[in-house]
Structure formats: structure tokens, C-alpha cells
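Next comes run_11.cif, with mmCIF, C-alpha atoms.
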```cif
data_data
loop_
_atom_site.label_atom_id
_atom_site.label_comp_id
_atom_site.auth_asym_id
_atom_site.auth_seq_id
_atom_site.Cartn_x
_atom_site.Cartn_y
_atom_site.Cartn_z
CA MET K 1 8.97 32.74 -12.12
CA ASP K 2 5.85 31.46 -10.39
CA ARG K 3 4.57 28.04 -11.47
CA VAL K 4 1.19 29.50 -12.45
CA ASN K 5 2.88 31.83 -14.96
CA HIS K 6 4.79 29.12 -16.83
CA THR K 7 2.30 26.25 -16.55
CA GLN K 8 -0.36 26.09 -19.26
CA VAL K 9 -1.66 22.61 -18.38
CA SER K 10 -4.63 22.80 -16.01
CA GLU K 11 -5.67 19.15 -16.25
CA PHE K 12 -4.35 15.75 -17.27
CA VAL K 13 -6.05 13.10 -19.40
CA PHE K 14 -5.84 9.43 -18.42
CA LEU K 15 -5.66 6.90 -21.26
CA GLY K 16 -6.98 4.23 -18.89
CA LEU K 17 -6.54 0.47 -19.02
CA THR K 18 -8.30 -0.34 -22.30
CA ASN K 19 -10.50 1.14 -25.04
CA SER K 20 -12.67 -1.95 -25.41
CA TRP K 21 -16.19 -1.39 -24.01
CA ASP K 22 -16.68 -5.10 -23.24
CA ILE K 23 -13.40 -5.32 -21.31
CA GLN K 24 -14.20 -2.08 -19.47
CA LEU K 25 -17.56 -3.51 -18.40
CA LEU K 26 -15.82 -6.66 -17.17
CA PHE K 27 -13.25 -4.56 -15.31
CA PHE K 28 -16.02 -2.47 -13.74
CA VAL K 29 -17.80 -5.49 -12.29
CA PHE K 30 -14.60 -7.22 -11.14
CA PHE K 31 -12.89 -4.14 -9.66
CA SER K 32 -16.08 -2.94 -7.97
CA VAL K 33 -16.59 -6.29 -6.22
CA VAL K 34 -12.93 -6.58 -5.19
CA TYR K 35 -12.76 -2.94 -4.03
CA LEU K 36 -15.94 -3.11 -1.95
CA THR K 37 -14.96 -6.49 -0.49
CA GLY K 38 -11.50 -5.17 0.43
CA MET K 39 -12.97 -2.06 2.03
CA LEU K 40 -15.44 -4.17 4.00
CA GLY K 41 -12.76 -6.67 5.08
CA ASN K 42 -10.28 -4.03 6.22
CA SER K 43 -12.99 -2.02 7.98
CA LEU K 44 -14.10 -5.18 9.79
CA ILE K 45 -10.54 -5.86 10.95
CA VAL K 46 -10.14 -2.30 12.28
CA PHE K 47 -13.51 -2.45 14.03
CA THR K 48 -12.86 -5.94 15.46
CA VAL K 49 -9.45 -5.05 16.90
CA THR K 50 -10.62 -1.76 18.41
CA SER K 51 -13.80 -3.26 19.92
CA ASP K 52 -12.40 -6.55 21.28
CA PRO K 53 -10.20 -6.08 24.42
CA HIS K 54 -8.62 -9.51 23.86
CA LEU K 55 -7.04 -8.17 20.65
CA HIS K 56 -5.43 -5.12 22.23
CA SER K 57 -1.96 -6.60 21.82
CA PRO K 58 0.88 -5.12 19.71
CA MET K 59 0.46 -7.66 16.90
CA TYR K 60 -3.23 -6.94 16.40
CA LEU K 61 -2.85 -3.19 16.85
CA LEU K 62 -0.24 -3.16 14.08
CA LEU K 63 -2.52 -5.34 11.96
CA ALA K 64 -5.41 -2.91 12.50
CA ASN K 65 -3.16 -0.04 11.40
CA LEU K 66 -2.14 -2.00 8.30
CA SER K 67 -5.83 -2.46 7.46
CA PHE K 68 -6.41 1.27 8.02
CA ILE K 69 -3.55 2.03 5.61
CA ASP K 70 -5.03 -0.40 3.08
CA LEU K 71 -8.30 1.53 3.28
CA GLY K 72 -6.32 4.63 2.31
CA ILE K 73 -4.47 2.89 -0.53
CA SER K 74 -7.76 1.75 -2.05
CA SER K 75 -9.48 5.12 -1.63
CA VAL K 76 -6.77 7.23 -3.28
CA THR K 77 -6.98 5.72 -6.77
CA ALA K 78 -9.61 2.96 -7.04
CA PRO K 79 -12.90 4.95 -6.87
CA LYS K 80 -11.89 7.35 -9.65
CA MET K 81 -10.49 4.50 -11.75
CA ILE K 82 -13.77 2.55 -11.45
CA CYS K 83 -15.86 5.64 -12.30
CA ASP K 84 -13.59 6.50 -15.25
CA LEU K 85 -14.30 3.11 -16.84
CA PHE K 86 -17.62 4.61 -18.03
CA ARG K 87 -16.11 7.92 -19.14
CA LYS K 88 -14.72 8.54 -22.59
CA HIS K 89 -12.84 11.63 -21.42
CA LYS K 90 -10.93 10.67 -18.26
CA VAL K 91 -9.48 13.83 -16.72
CA ILE K 92 -8.05 15.03 -13.43
CA SER K 93 -7.12 18.59 -12.46
CA PHE K 94 -3.51 19.63 -11.95
CA SER K 95 -4.02 20.10 -8.21
CA GLY K 96 -5.96 16.84 -8.01
CA CYS K 97 -3.09 15.02 -9.69
CA VAL K 98 -0.50 16.45 -7.28
CA THR K 99 -2.76 15.67 -4.31
CA GLN K 100 -3.21 12.09 -5.48
CA MET K 101 0.57 11.60 -5.81
CA PHE K 102 1.14 13.13 -2.37
CA PHE K 103 -1.22 10.68 -0.65
CA ILE K 104 0.12 7.73 -2.65
CA HIS K 105 3.65 8.40 -1.37
CA LEU K 106 2.46 9.31 2.13
CA ILE K 107 0.52 6.06 2.54
CA GLY K 108 3.21 4.03 0.77
CA GLY K 109 5.90 5.39 3.11
CA VAL K 110 3.76 4.68 6.17
CA GLU K 111 3.13 1.10 5.07
CA MET K 112 6.84 0.46 4.50
CA VAL K 113 7.69 1.48 8.06
CA LEU K 114 4.63 -0.35 9.39
CA LEU K 115 5.77 -3.60 7.77
CA ILE K 116 9.18 -3.16 9.41
CA ALA K 117 7.42 -2.64 12.76
CA MET K 118 5.40 -5.83 12.21
CA ALA K 119 8.59 -7.75 11.39
CA PHE K 120 10.20 -6.40 14.57
CA ASP K 121 7.13 -7.46 16.55
CA ARG K 122 7.38 -11.01 15.17
CA TYR K 123 11.13 -11.10 15.92
CA VAL K 124 10.54 -10.19 19.57
CA ALA K 125 7.57 -12.58 19.89
CA ILE K 126 9.43 -15.56 18.40
CA CYS K 127 13.04 -14.97 19.47
CA LYS K 128 12.52 -13.18 22.80
CA PRO K 129 9.11 -14.34 24.07
CA LEU K 130 9.92 -13.78 27.77
CA HIS K 131 10.71 -10.11 27.10
CA TYR K 132 7.89 -9.52 24.60
CA LEU K 133 5.56 -7.54 26.88
CA ILE K 134 8.47 -5.45 28.17
CA ILE K 135 9.87 -4.58 24.73
CA MET K 136 6.56 -4.25 22.85
CA CYS K 137 4.92 -2.10 25.50
CA PRO K 138 2.21 0.48 24.61
CA ARG K 139 4.84 3.22 24.52
CA MET K 140 6.91 1.29 21.97
CA CYS K 141 3.83 0.68 19.80
CA THR K 142 2.98 4.38 19.91
CA LEU K 143 6.54 5.31 18.94
CA LEU K 144 6.54 2.85 16.03
CA LEU K 145 3.24 4.17 14.69
CA ALA K 146 4.33 7.80 15.12
CA ALA K 147 7.60 7.03 13.32
CA ALA K 148 5.69 5.41 10.46
CA TRP K 149 3.53 8.50 9.87
CA ILE K 150 6.41 10.96 10.31
CA ILE K 151 8.66 9.08 7.87
CA GLY K 152 5.78 8.67 5.41
CA LEU K 153 5.06 12.41 5.59
CA ILE K 154 8.72 13.32 5.08
CA HIS K 155 8.96 10.94 2.12
CA ALA K 156 5.84 12.44 0.48
CA VAL K 157 6.97 16.03 1.06
CA VAL K 158 10.42 15.31 -0.40
CA GLN K 159 8.86 13.71 -3.48
CA MET K 160 6.51 16.64 -4.01
CA SER K 161 9.34 19.13 -3.55
CA PHE K 162 10.91 17.66 -6.69
CA ILE K 163 7.95 18.64 -8.87
CA VAL K 164 6.46 21.77 -7.30
CA ASP K 165 8.25 24.15 -9.69
CA LEU K 166 8.15 22.05 -12.86
CA PRO K 167 6.70 23.79 -15.96
CA PHE K 168 3.96 21.95 -17.90
CA CYS K 169 2.99 23.26 -21.34
CA GLY K 170 1.72 20.04 -22.98
CA PRO K 171 1.14 17.28 -23.86
CA ASN K 172 -1.06 16.37 -20.92
CA LYS K 173 -1.87 12.68 -21.53
CA LEU K 174 -0.91 10.05 -18.93
CA ASP K 175 -0.88 6.44 -20.13
CA SER K 176 -2.36 5.24 -16.85
CA PHE K 177 -5.50 5.42 -14.69
CA TYR K 178 -3.89 7.47 -11.91
CA CYS K 179 -1.20 10.12 -11.46
CA ASP K 180 2.14 8.34 -11.42
CA LEU K 181 5.23 10.36 -10.49
CA PRO K 182 7.61 8.97 -13.18
CA ARG K 183 5.08 9.56 -16.00
CA PHE K 184 4.08 12.94 -14.54
CA ILE K 185 7.70 14.16 -14.57
CA LYS K 186 8.21 13.10 -18.19
CA LEU K 187 5.46 15.53 -19.29
CA ALA K 188 7.34 18.54 -17.93
CA CYS K 189 8.67 21.07 -20.47
CA THR K 190 12.27 20.81 -19.29
CA ASP K 191 15.13 18.33 -18.99
CA THR K 192 14.12 15.92 -16.22
CA HIS K 193 16.85 13.25 -16.36
CA ARG K 194 18.40 14.34 -13.06
CA LEU K 195 14.96 14.62 -11.50
CA GLN K 196 14.02 11.12 -12.64
CA PHE K 197 17.20 9.80 -11.06
CA MET K 198 16.37 11.57 -7.78
CA VAL K 199 12.88 10.04 -7.76
CA THR K 200 14.36 6.62 -8.48
CA ALA K 201 16.87 7.07 -5.68
CA ASN K 202 14.22 8.24 -3.24
CA SER K 203 11.49 5.70 -3.98
CA GLY K 204 13.27 2.89 -5.82
CA PHE K 205 16.31 2.49 -3.59
CA MET K 206 14.17 3.03 -0.49
CA SER K 207 11.81 0.26 -1.59
CA ILE K 208 14.64 -2.15 -2.37
CA GLY K 209 16.38 -1.33 0.92
CA VAL K 210 13.27 -1.88 3.05
CA PHE K 211 12.42 -5.06 1.13
CA LEU K 212 15.89 -6.50 1.74
CA ILE K 213 15.75 -5.54 5.44
CA LEU K 214 12.45 -7.37 5.82
CA ILE K 215 13.54 -10.51 3.97
CA ILE K 216 16.85 -10.67 5.89
CA SER K 217 15.00 -10.20 9.19
CA TYR K 218 12.64 -13.08 8.40
CA ILE K 219 15.56 -15.34 7.42
CA PHE K 220 17.36 -14.37 10.65
CA ILE K 221 14.26 -15.24 12.70
CA LEU K 222 13.98 -18.66 11.04
CA PHE K 223 17.67 -19.46 11.59
CA THR K 224 17.44 -18.33 15.21
CA VAL K 225 14.43 -20.54 15.87
CA GLN K 226 15.97 -23.52 14.05
CA LYS K 227 18.99 -23.43 16.35
CA HIS K 228 16.77 -23.92 19.38
CA SER K 229 14.10 -26.23 17.98
CA SER K 230 13.50 -27.88 14.62
CA SER K 231 9.76 -28.11 15.34
CA GLY K 232 9.74 -24.44 16.30
CA SER K 233 11.11 -23.47 12.90
CA PHE K 234 8.06 -24.98 11.20
CA LYS K 235 5.75 -23.02 13.51
CA ALA K 236 7.76 -19.85 12.92
CA LEU K 237 7.62 -20.38 9.15
CA SER K 238 3.85 -20.82 9.38
CA THR K 239 3.57 -17.58 11.37
CA LEU K 240 5.88 -15.59 9.10
CA SER K 241 4.54 -16.88 5.80
CA ALA K 242 1.63 -14.42 5.88
CA HIS K 243 4.04 -11.53 6.49
CA ILE K 244 6.34 -12.68 3.68
CA ILE K 245 3.43 -12.92 1.22
CA VAL K 246 2.27 -9.39 2.11
CA VAL K 247 5.82 -8.02 1.73
CA ILE K 248 6.23 -9.59 -1.73
CA LEU K 249 2.80 -8.43 -2.89
CA PHE K 250 3.46 -4.87 -1.73
CA PHE K 251 7.11 -4.36 -2.68
CA GLY K 252 7.21 -6.35 -5.93
CA PRO K 253 5.20 -3.86 -8.02
CA ILE K 254 6.68 -0.81 -6.26
CA ILE K 255 10.26 -1.91 -7.00
CA PHE K 256 9.19 -2.53 -10.60
CA PHE K 257 7.71 1.00 -10.86
CA TYR K 258 10.68 2.92 -9.48
CA ALA K 259 13.79 0.73 -9.83
CA TRP K 260 13.22 -1.10 -13.15
CA PRO K 261 15.30 0.70 -15.80
CA PHE K 262 13.20 -0.28 -18.84
CA ASN K 263 9.99 1.30 -20.12
CA THR K 264 7.08 -1.16 -19.75
CA SER K 265 4.11 1.18 -19.41
CA HIS K 266 1.37 -1.38 -20.10
CA LEU K 267 2.67 -3.79 -17.46
CA ASP K 268 3.05 -0.87 -15.03
CA LYS K 269 -0.65 -0.08 -15.32
CA TYR K 270 -1.79 -3.57 -14.42
CA LEU K 271 0.71 -3.87 -11.57
CA ALA K 272 -0.69 -0.58 -10.25
CA VAL K 273 -4.16 -2.15 -10.26
CA PHE K 274 -2.71 -4.98 -8.22
CA VAL K 275 -1.30 -2.59 -5.61
CA SER K 276 -4.31 -0.27 -5.38
CA ILE K 277 -7.13 -2.84 -5.42
CA LEU K 278 -6.00 -6.45 -5.18
CA THR K 279 -3.39 -6.13 -2.40
CA PRO K 280 -5.78 -4.35 0.03
CA PHE K 281 -8.29 -7.10 -0.77
CA LEU K 282 -5.78 -9.93 -0.19
CA ASN K 283 -4.27 -8.60 3.06
CA PRO K 284 -7.38 -9.30 5.20
CA VAL K 285 -7.68 -12.75 3.61
CA ILE K 286 -4.02 -13.59 4.23
CA TYR K 287 -4.04 -12.48 7.87
CA THR K 288 -7.52 -13.55 9.01
CA LEU K 289 -7.68 -16.98 7.38
CA ARG K 290 -4.45 -18.01 9.12
CA ASN K 291 -5.36 -16.61 12.53
CA LYS K 292 -7.89 -18.53 14.63
CA GLU K 293 -8.17 -15.80 17.27
CA MET K 294 -8.93 -13.15 14.68
CA LYS K 295 -11.49 -15.35 12.90
CA LEU K 296 -13.25 -16.05 16.21
CA ALA K 297 -13.33 -12.36 17.13
CA MET K 298 -14.68 -11.40 13.70
CA ARG K 299 -17.44 -14.01 13.99
CA LYS K 300 -18.44 -12.53 17.35
CA VAL K 301 -18.53 -9.03 15.89
CA CYS K 302 -20.61 -10.16 12.91
CA SER K 303 -23.05 -12.03 15.19
CA HIS K 304 -23.40 -8.96 17.43
CA LEU K 305 -24.05 -6.74 14.41
CA ALA K 306 -26.62 -9.21 13.06
CA SER K 307 -28.45 -9.40 16.40
CA PHE K 308 -28.38 -5.60 16.67
CA ARG K 309 -29.99 -5.26 13.24
CA LYS K 310 -32.74 -7.72 14.21
CA ILE K 311 -33.50 -5.76 17.39
CA SER K 312 -33.57 -2.43 15.54
#
```
Please go through the file and, once you have read it, give me the structure as C-alpha cells.
Amino acid sequence: MDRVNHTQVSEFVFLGLTNSWDIQLLFFVFFSVVYLTGMLGNSLIVFTVTSDPHLHSPMYLLLANLSFIDLGISSVTAPKMICDLFRKHKVISFSGCVTQMFFIHLIGGVEMVLLIAMAFDRYVAICKPLHYLIIMCPRMCTLLLAAAWIIGLIHAVVQMSFIVDLPFCGPNKLDSFYCDLPRFIKLACTDTHRLQFMVTANSGFMSIGVFLILIISYIFILFTVQKHSSSGSFKALSTLSAHIIVVILFFGPIIFFYAWPFNTSHLDKYLAVFVSILTPFLNPVIYTLRNKEMKLAMRKVCSHLASFRKIS
């Protein structure tokens, strides 16, 4: 039977973060400022790296791609969530809900692989500095980025294949501000226990596996550097600390969403805010404030833009 014939639900209703008007107004101001600042910061990083020839190295190219991904993460859920704060009836169409989930898993899968690529780049730079330019050549960077998008696309398509034929006949209320796959599946008019396990296995176990790979790789890098130089281990820790913070901020909530066995819907909602708005805002701060070369390049870009505006 075709999905259209056995699906009566044409839209879903978000319950949002809170029903208090005062808190919603506070959220609107705070989230709007953080969202716009994060978009501006990530856009500035992408523009700085692409326009400055001195930053056309693997590390900065991967960083620019991470900022581009963060722009996508923010744009998928944050604008609608901010607009819905002033709406009593927060709705999204069935196709809009599926599209939102597709891009969430596409971008999430790409960022997972991208973080692994960034960890590999730091391993080569710290542990094999003499071979860095040979290993991290333009061809290798292109392959890593292509792999990230291909794996992210496969992950998203597999997730969507789980739900494409599900029947929905009501209720249609989602206790969230965006379309979340676990909650979406629970609204289906059929037994979804096996399906929920498959989603957990695909997203939860994948998240835990990638997280462990990254943490183990960072520990391996530190031990390798410590064997050669005790002073070098401090420098390596300083370099890797930004990467470790980003990994924890990104994977912590995701593992909680898909691998935590207990139902904590209210906490899920606020962790989702953290991933969709706060993490894209913090990534530029974490990377740029600890990188003198990036800060200098961004100052040059800002000064050029300011002088251009004066001339025009």
C-alpha cells in the first residue's frame, strides 16, 4: 500500500521549549543573538580561509569545512525554532519534517567524518612532521572531504529508508522544537520497537564508535609526543585541547539522544538547542581564540572590509 493511502497525518505540531511568554521572549533574544553571531563567525572563518593564500593548508581547509558544516547545522533547525517562539500553533508539514531529519543526519554524518579527518591531520602534523606535506597533500584533503560527504549521504539515506513507509494516523504532536527521528518513529501507527533499535544501532553506536576513535587517537598522539619530549607533550596538549572540546560538545548530546536507554524528553530538547545553536557559536570561538595565525588573518579581512565600505 502506498504511504499516501495509509497516512492521515499531513503535519506535525511542535510543543516547543516552554509555554511561558516571558521565558519565550528571553529565549528569542538570547537565541537570536547567539545564532546570528555563530553564523557571522563561521562565515568569517570560511571567507578568511578561502581568501587568504597563507591559510591554504590542510588544517585550515578542514577548519573552513567544519565552519561550513556548522552553518548548515544552525540553518536546519534554528531559524524555525526562533520564529516559532512567537507562534502559538507551531507546525511543520510531513515532507518538511522528513526533509529536516534528512539534512540533520546528512550534516551530522559529514561532521563526524570531518572530525576524524581533523584528528588524522593533527596526528600527522605532530607525530610525523617531516612527512606532513607528503601525506596531507591536496589529493588527500580532497579524498577526505569527498569521503565525509559520501558517508554522510549514505548515513542519511539509510536513516530515511527506515521511515519512508511508516503509517501515521495520529497523534501528531512532537515534544520538541524540531523533527527528531526517535520521537517521529514513536508516532507511527505500528510496532516500532525493532525500528527504534535499528536507529539506535545506526546513529547511537556510530556516534559512540567515532567518539571513542577520536579520544583514543588524541591519547595516542599525546603518548607518542611524550616519549620524544616532555615539553612537546604540553604543546601537543595545547594544540589538541580545542579539538577535544569540540568533540565532547558535539558527541555528548548526540550519544545522549540515540544511545541513552531512558526517556528524558525535556533534557533532550535543551541538549538539542546546545547542538543546533550553541555548538556552532562556540566552534569559531574555540578555534580562533587559540590560533594566532587565524586571528591575524581575520583582523586583516575585517580591516579590508571596513576600508572597502568607507570607499564605497
Find the residues around stretch 185-201 of chain K up to 6 Å (only C-alpha atoms counted), leave out those fewer than 3 positions away in its own chain, and share them as number ranges by chain. K: 167-168, 182, 204-205, 258
Please produce a file of the residues just selected, as a short mmCIF file (atom, residue, chain, number, x, y, z; two decimals), keeping the file's coordinate frame, where the atoms kept are C-alpha atoms.
```
data_model
loop_
_atom_site.label_atom_id
_atom_site.label_comp_id
_atom_site.auth_asym_id
_atom_site.auth_seq_id
_atom_site.Cartn_x
_atom_site.Cartn_y
_atom_site.Cartn_z
CA PRO K 167 6.70 23.79 -15.96
CA PHE K 168 3.96 21.95 -17.90
CA PRO K 182 7.61 8.97 -13.18
CA GLY K 204 13.27 2.89 -5.82
CA PHE K 205 16.31 2.49 -3.59
CA TYR K 258 10.68 2.92 -9.48
#
```
For stretch 19-21 of chain K, work out the shell of residues within 12 Å, counting all atoms listed in the file and skipping chain neighbours fewer than 4 positions away, then give it as a VMD selection string. chain K and resid 14 to 15 25 to 28 84 to 90
Quick check on the file I pasted: which residues fall under the PyMOL selection byres ((chain K and resi 30-42) around 12)? Write them as number ranges by chain. K: 23-29, 43-49, 63-83, 85, 273-289, 295, 298, 302
Pull C-alpha atoms from the residues just selected and write them as an mmCIF file, keeping the file's coordinate frame.
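Final output, saved to again.cif:
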```cif
data_model
loop_
_atom_site.group_PDB
_atom_site.id
_atom_site.type_symbol
_atom_site.label_atom_id
_atom_site.label_comp_id
_atom_site.auth_asym_id
_atom_site.auth_seq_id
_atom_site.Cartn_x
_atom_site.Cartn_y
_atom_site.Cartn_z
ATOM 1 C CA ILE K 23 -13.400 -5.320 -21.310
ATOM 2 C CA GLN K 24 -14.200 -2.080 -19.470
ATOM 3 C CA LEU K 25 -17.560 -3.510 -18.400
ATOM 4 C CA LEU K 26 -15.820 -6.660 -17.170
ATOM 5 C CA PHE K 27 -13.250 -4.560 -15.310
ATOM 6 C CA PHE K 28 -16.020 -2.470 -13.740
ATOM 7 C CA VAL K 29 -17.800 -5.490 -12.290
ATOM 8 C CA SER K 43 -12.990 -2.020 7.980
ATOM 9 C CA LEU K 44 -14.100 -5.180 9.790
ATOM 10 C CA ILE K 45 -10.540 -5.860 10.950
ATOM 11 C CA VAL K 46 -10.140 -2.300 12.280
ATOM 12 C CA PHE K 47 -13.510 -2.450 14.030
ATOM 13 C CA THR K 48 -12.860 -5.940 15.460
ATOM 14 C CA VAL K 49 -9.450 -5.050 16.900
ATOM 15 C CA LEU K 63 -2.520 -5.340 11.960
ATOM 16 C CA ALA K 64 -5.410 -2.910 12.500
ATOM 17 C CA ASN K 65 -3.160 -0.040 11.400
ATOM 18 C CA LEU K 66 -2.140 -2.000 8.300
ATOM 19 C CA SER K 67 -5.830 -2.460 7.460
ATOM 20 C CA PHE K 68 -6.410 1.270 8.020
ATOM 21 C CA ILE K 69 -3.550 2.030 5.610
ATOM 22 C CA ASP K 70 -5.030 -0.400 3.080
ATOM 23 C CA LEU K 71 -8.300 1.530 3.280
ATOM 24 C CA GLY K 72 -6.320 4.630 2.310
ATOM 25 C CA ILE K 73 -4.470 2.890 -0.530
ATOM 26 C CA SER K 74 -7.760 1.750 -2.050
ATOM 27 C CA SER K 75 -9.480 5.120 -1.630
ATOM 28 C CA VAL K 76 -6.770 7.230 -3.280
ATOM 29 C CA THR K 77 -6.980 5.720 -6.770
ATOM 30 C CA ALA K 78 -9.610 2.960 -7.040
ATOM 31 C CA PRO K 79 -12.900 4.950 -6.870
ATOM 32 C CA LYS K 80 -11.890 7.350 -9.650
ATOM 33 C CA MET K 81 -10.490 4.500 -11.750
ATOM 34 C CA ILE K 82 -13.770 2.550 -11.450
ATOM 35 C CA CYS K 83 -15.860 5.640 -12.300
ATOM 36 C CA LEU K 85 -14.300 3.110 -16.840
ATOM 37 C CA VAL K 273 -4.160 -2.150 -10.260
ATOM 38 C CA PHE K 274 -2.710 -4.980 -8.220
ATOM 39 C CA VAL K 275 -1.300 -2.590 -5.610
ATOM 40 C CA SER K 276 -4.310 -0.270 -5.380
ATOM 41 C CA ILE K 277 -7.130 -2.840 -5.420
ATOM 42 C CA LEU K 278 -6.000 -6.450 -5.180
ATOM 43 C CA THR K 279 -3.390 -6.130 -2.400
ATOM 44 C CA PRO K 280 -5.780 -4.350 0.030
ATOM 45 C CA PHE K 281 -8.290 -7.100 -0.770
ATOM 46 C CA LEU K 282 -5.780 -9.930 -0.190
ATOM 47 C CA ASN K 283 -4.270 -8.600 3.060
ATOM 48 C CA PRO K 284 -7.380 -9.300 5.200
ATOM 49 C CA VAL K 285 -7.680 -12.750 3.610
ATOM 50 C CA ILE K 286 -4.020 -13.590 4.230
ATOM 51 C CA TYR K 287 -4.040 -12.480 7.870
ATOM 52 C CA THR K 288 -7.520 -13.550 9.010
ATOM 53 C CA LEU K 289 -7.680 -16.980 7.380
ATOM 54 C CA LYS K 295 -11.490 -15.350 12.900
ATOM 55 C CA MET K 298 -14.680 -11.400 13.700
ATOM 56 C CA CYS K 302 -20.610 -10.160 12.910
#
```
Quick one: which stretch 181-299 of chain K residues come within 10 Å of stretch 152-158 of chain K, and what is the nearest atom pair for each with the distance in Å to one decimal, counting only C-alpha atoms, rows ordered by chain and ascending number, as CSV?
```
residue,atom,partner,partner_atom,distance
K:Val199,CA,K:Val158,CA,9.4
K:Asn202,CA,K:His155,CA,8.0
K:Ser203,CA,K:His155,CA,8.4
K:Met206,CA,K:His155,CA,9.8
```
Could you turn the residues from that selection into a file that holds C-alpha atoms, as a compact mmCIF listing (two decimals), keeping the file's coordinate frame?
```txt
# COMPACT_ATOMS: atom_id res chain seq x y z
CA VAL K 199 12.88 10.04 -7.76
CA ASN K 202 14.22 8.24 -3.24
CA SER K 203 11.49 5.70 -3.98
CA MET K 206 14.17 3.03 -0.49
```
If we count all atoms listed in the file and set the cut-off at 10 Å, which residues sit around stretch 243-248 of chain K, ignoring sequence neighbours fewer than 3 positions away in its own chain? Please answer as an MDAnalysis selection string. chainID K and resid 112 115:116 118:119 122 210:211 214:215 218 237:240 251:254 279:280 282:283 286:287
What is the atom CA of K:Pro171-atom CA of K:Tyr270 distance in Å, reported with one decimal?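 Result for atom CA of K:Pro171 versus atom CA of K:Tyr270: 23.1 Å, one decimal.
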From the set K:Leu166, K:Leu305, K:Cys141, K:Leu296, which residue has the shortest atom-to-atom contact distance to K:Leu55, counting all atoms listed in the file?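 Checking each candidate against K:Leu55, we get K:Leu296 as the closest.
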Around all the atoms of stretch 123-127 of chain K listed in the file, with 8 Å of room on each side, what axis-aligned box do you get, giving centre and edge lengths in Å to one decimal, as JSON?
```
{"center_x": 10.3, "center_y": -12.9, "center_z": 17.9, "size_x": 21.5, "size_y": 21.4, "size_z": 20.0}
```
Can you work out the spacing between atom CA of K:Glu111 and atom CA of K:Ala297 in Å, to one decimal?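 Between these atoms lies a distance of 24.4 Å.
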Since the input is missing atoms, can you rebuild all heavy atoms for stretch 298-304 of chain K and write them as a short mmCIF file (atom, residue, chain, number, x, y, z; two decimals), in the frame of the given file?
```cif
data_model
loop_
_atom_site.label_atom_id
_atom_site.label_comp_id
_atom_site.auth_asym_id
_atom_site.auth_seq_id
_atom_site.Cartn_x
_atom_site.Cartn_y
_atom_site.Cartn_z
N MET K 298 -13.89 -11.97 14.79
CA MET K 298 -14.68 -11.40 13.70
C MET K 298 -16.06 -12.06 13.64
O MET K 298 -17.05 -11.39 13.34
CB MET K 298 -13.94 -11.57 12.37
CG MET K 298 -12.69 -10.72 12.27
SD MET K 298 -11.78 -10.95 10.73
CE MET K 298 -12.82 -10.07 9.58
N ARG K 299 -16.13 -13.35 13.94
CA ARG K 299 -17.44 -14.01 13.99
C ARG K 299 -18.30 -13.41 15.09
O ARG K 299 -19.52 -13.21 14.90
CB ARG K 299 -17.26 -15.52 14.23
CG ARG K 299 -16.72 -16.28 13.03
CD ARG K 299 -16.91 -17.77 13.20
NE ARG K 299 -16.14 -18.52 12.23
CZ ARG K 299 -14.99 -19.13 12.48
NH1 ARG K 299 -14.47 -19.07 13.70
NH2 ARG K 299 -14.36 -19.80 11.54
N LYS K 300 -17.71 -13.14 16.24
CA LYS K 300 -18.44 -12.53 17.35
C LYS K 300 -18.97 -11.15 16.96
O LYS K 300 -20.12 -10.81 17.24
CB LYS K 300 -17.55 -12.42 18.59
CG LYS K 300 -17.23 -13.75 19.26
CD LYS K 300 -16.37 -13.53 20.48
CE LYS K 300 -16.04 -14.85 21.16
NZ LYS K 300 -15.16 -14.65 22.35
N VAL K 301 -18.12 -10.37 16.31
CA VAL K 301 -18.53 -9.03 15.89
C VAL K 301 -19.68 -9.11 14.90
O VAL K 301 -20.67 -8.37 14.99
CB VAL K 301 -17.33 -8.27 15.28
CG1 VAL K 301 -17.80 -6.99 14.59
CG2 VAL K 301 -16.31 -7.92 16.35
N CYS K 302 -19.56 -10.02 13.92
CA CYS K 302 -20.61 -10.16 12.91
C CYS K 302 -21.93 -10.63 13.54
O CYS K 302 -23.01 -10.15 13.16
CB CYS K 302 -20.17 -11.14 11.83
SG CYS K 302 -18.82 -10.54 10.78
N SER K 303 -21.83 -11.55 14.51
CA SER K 303 -23.05 -12.03 15.19
C SER K 303 -23.69 -10.92 16.01
O SER K 303 -24.92 -10.78 16.04
CB SER K 303 -22.72 -13.23 16.08
OG SER K 303 -21.82 -12.87 17.10
N HIS K 304 -22.87 -10.09 16.67
CA HIS K 304 -23.40 -8.96 17.43
C HIS K 304 -24.09 -7.95 16.52
O HIS K 304 -25.17 -7.43 16.84
CB HIS K 304 -22.29 -8.27 18.22
CG HIS K 304 -21.80 -9.06 19.40
ND1 HIS K 304 -22.65 -9.78 20.21
CD2 HIS K 304 -20.55 -9.22 19.90
CE1 HIS K 304 -21.94 -10.37 21.17
NE2 HIS K 304 -20.66 -10.05 21.00
#
```
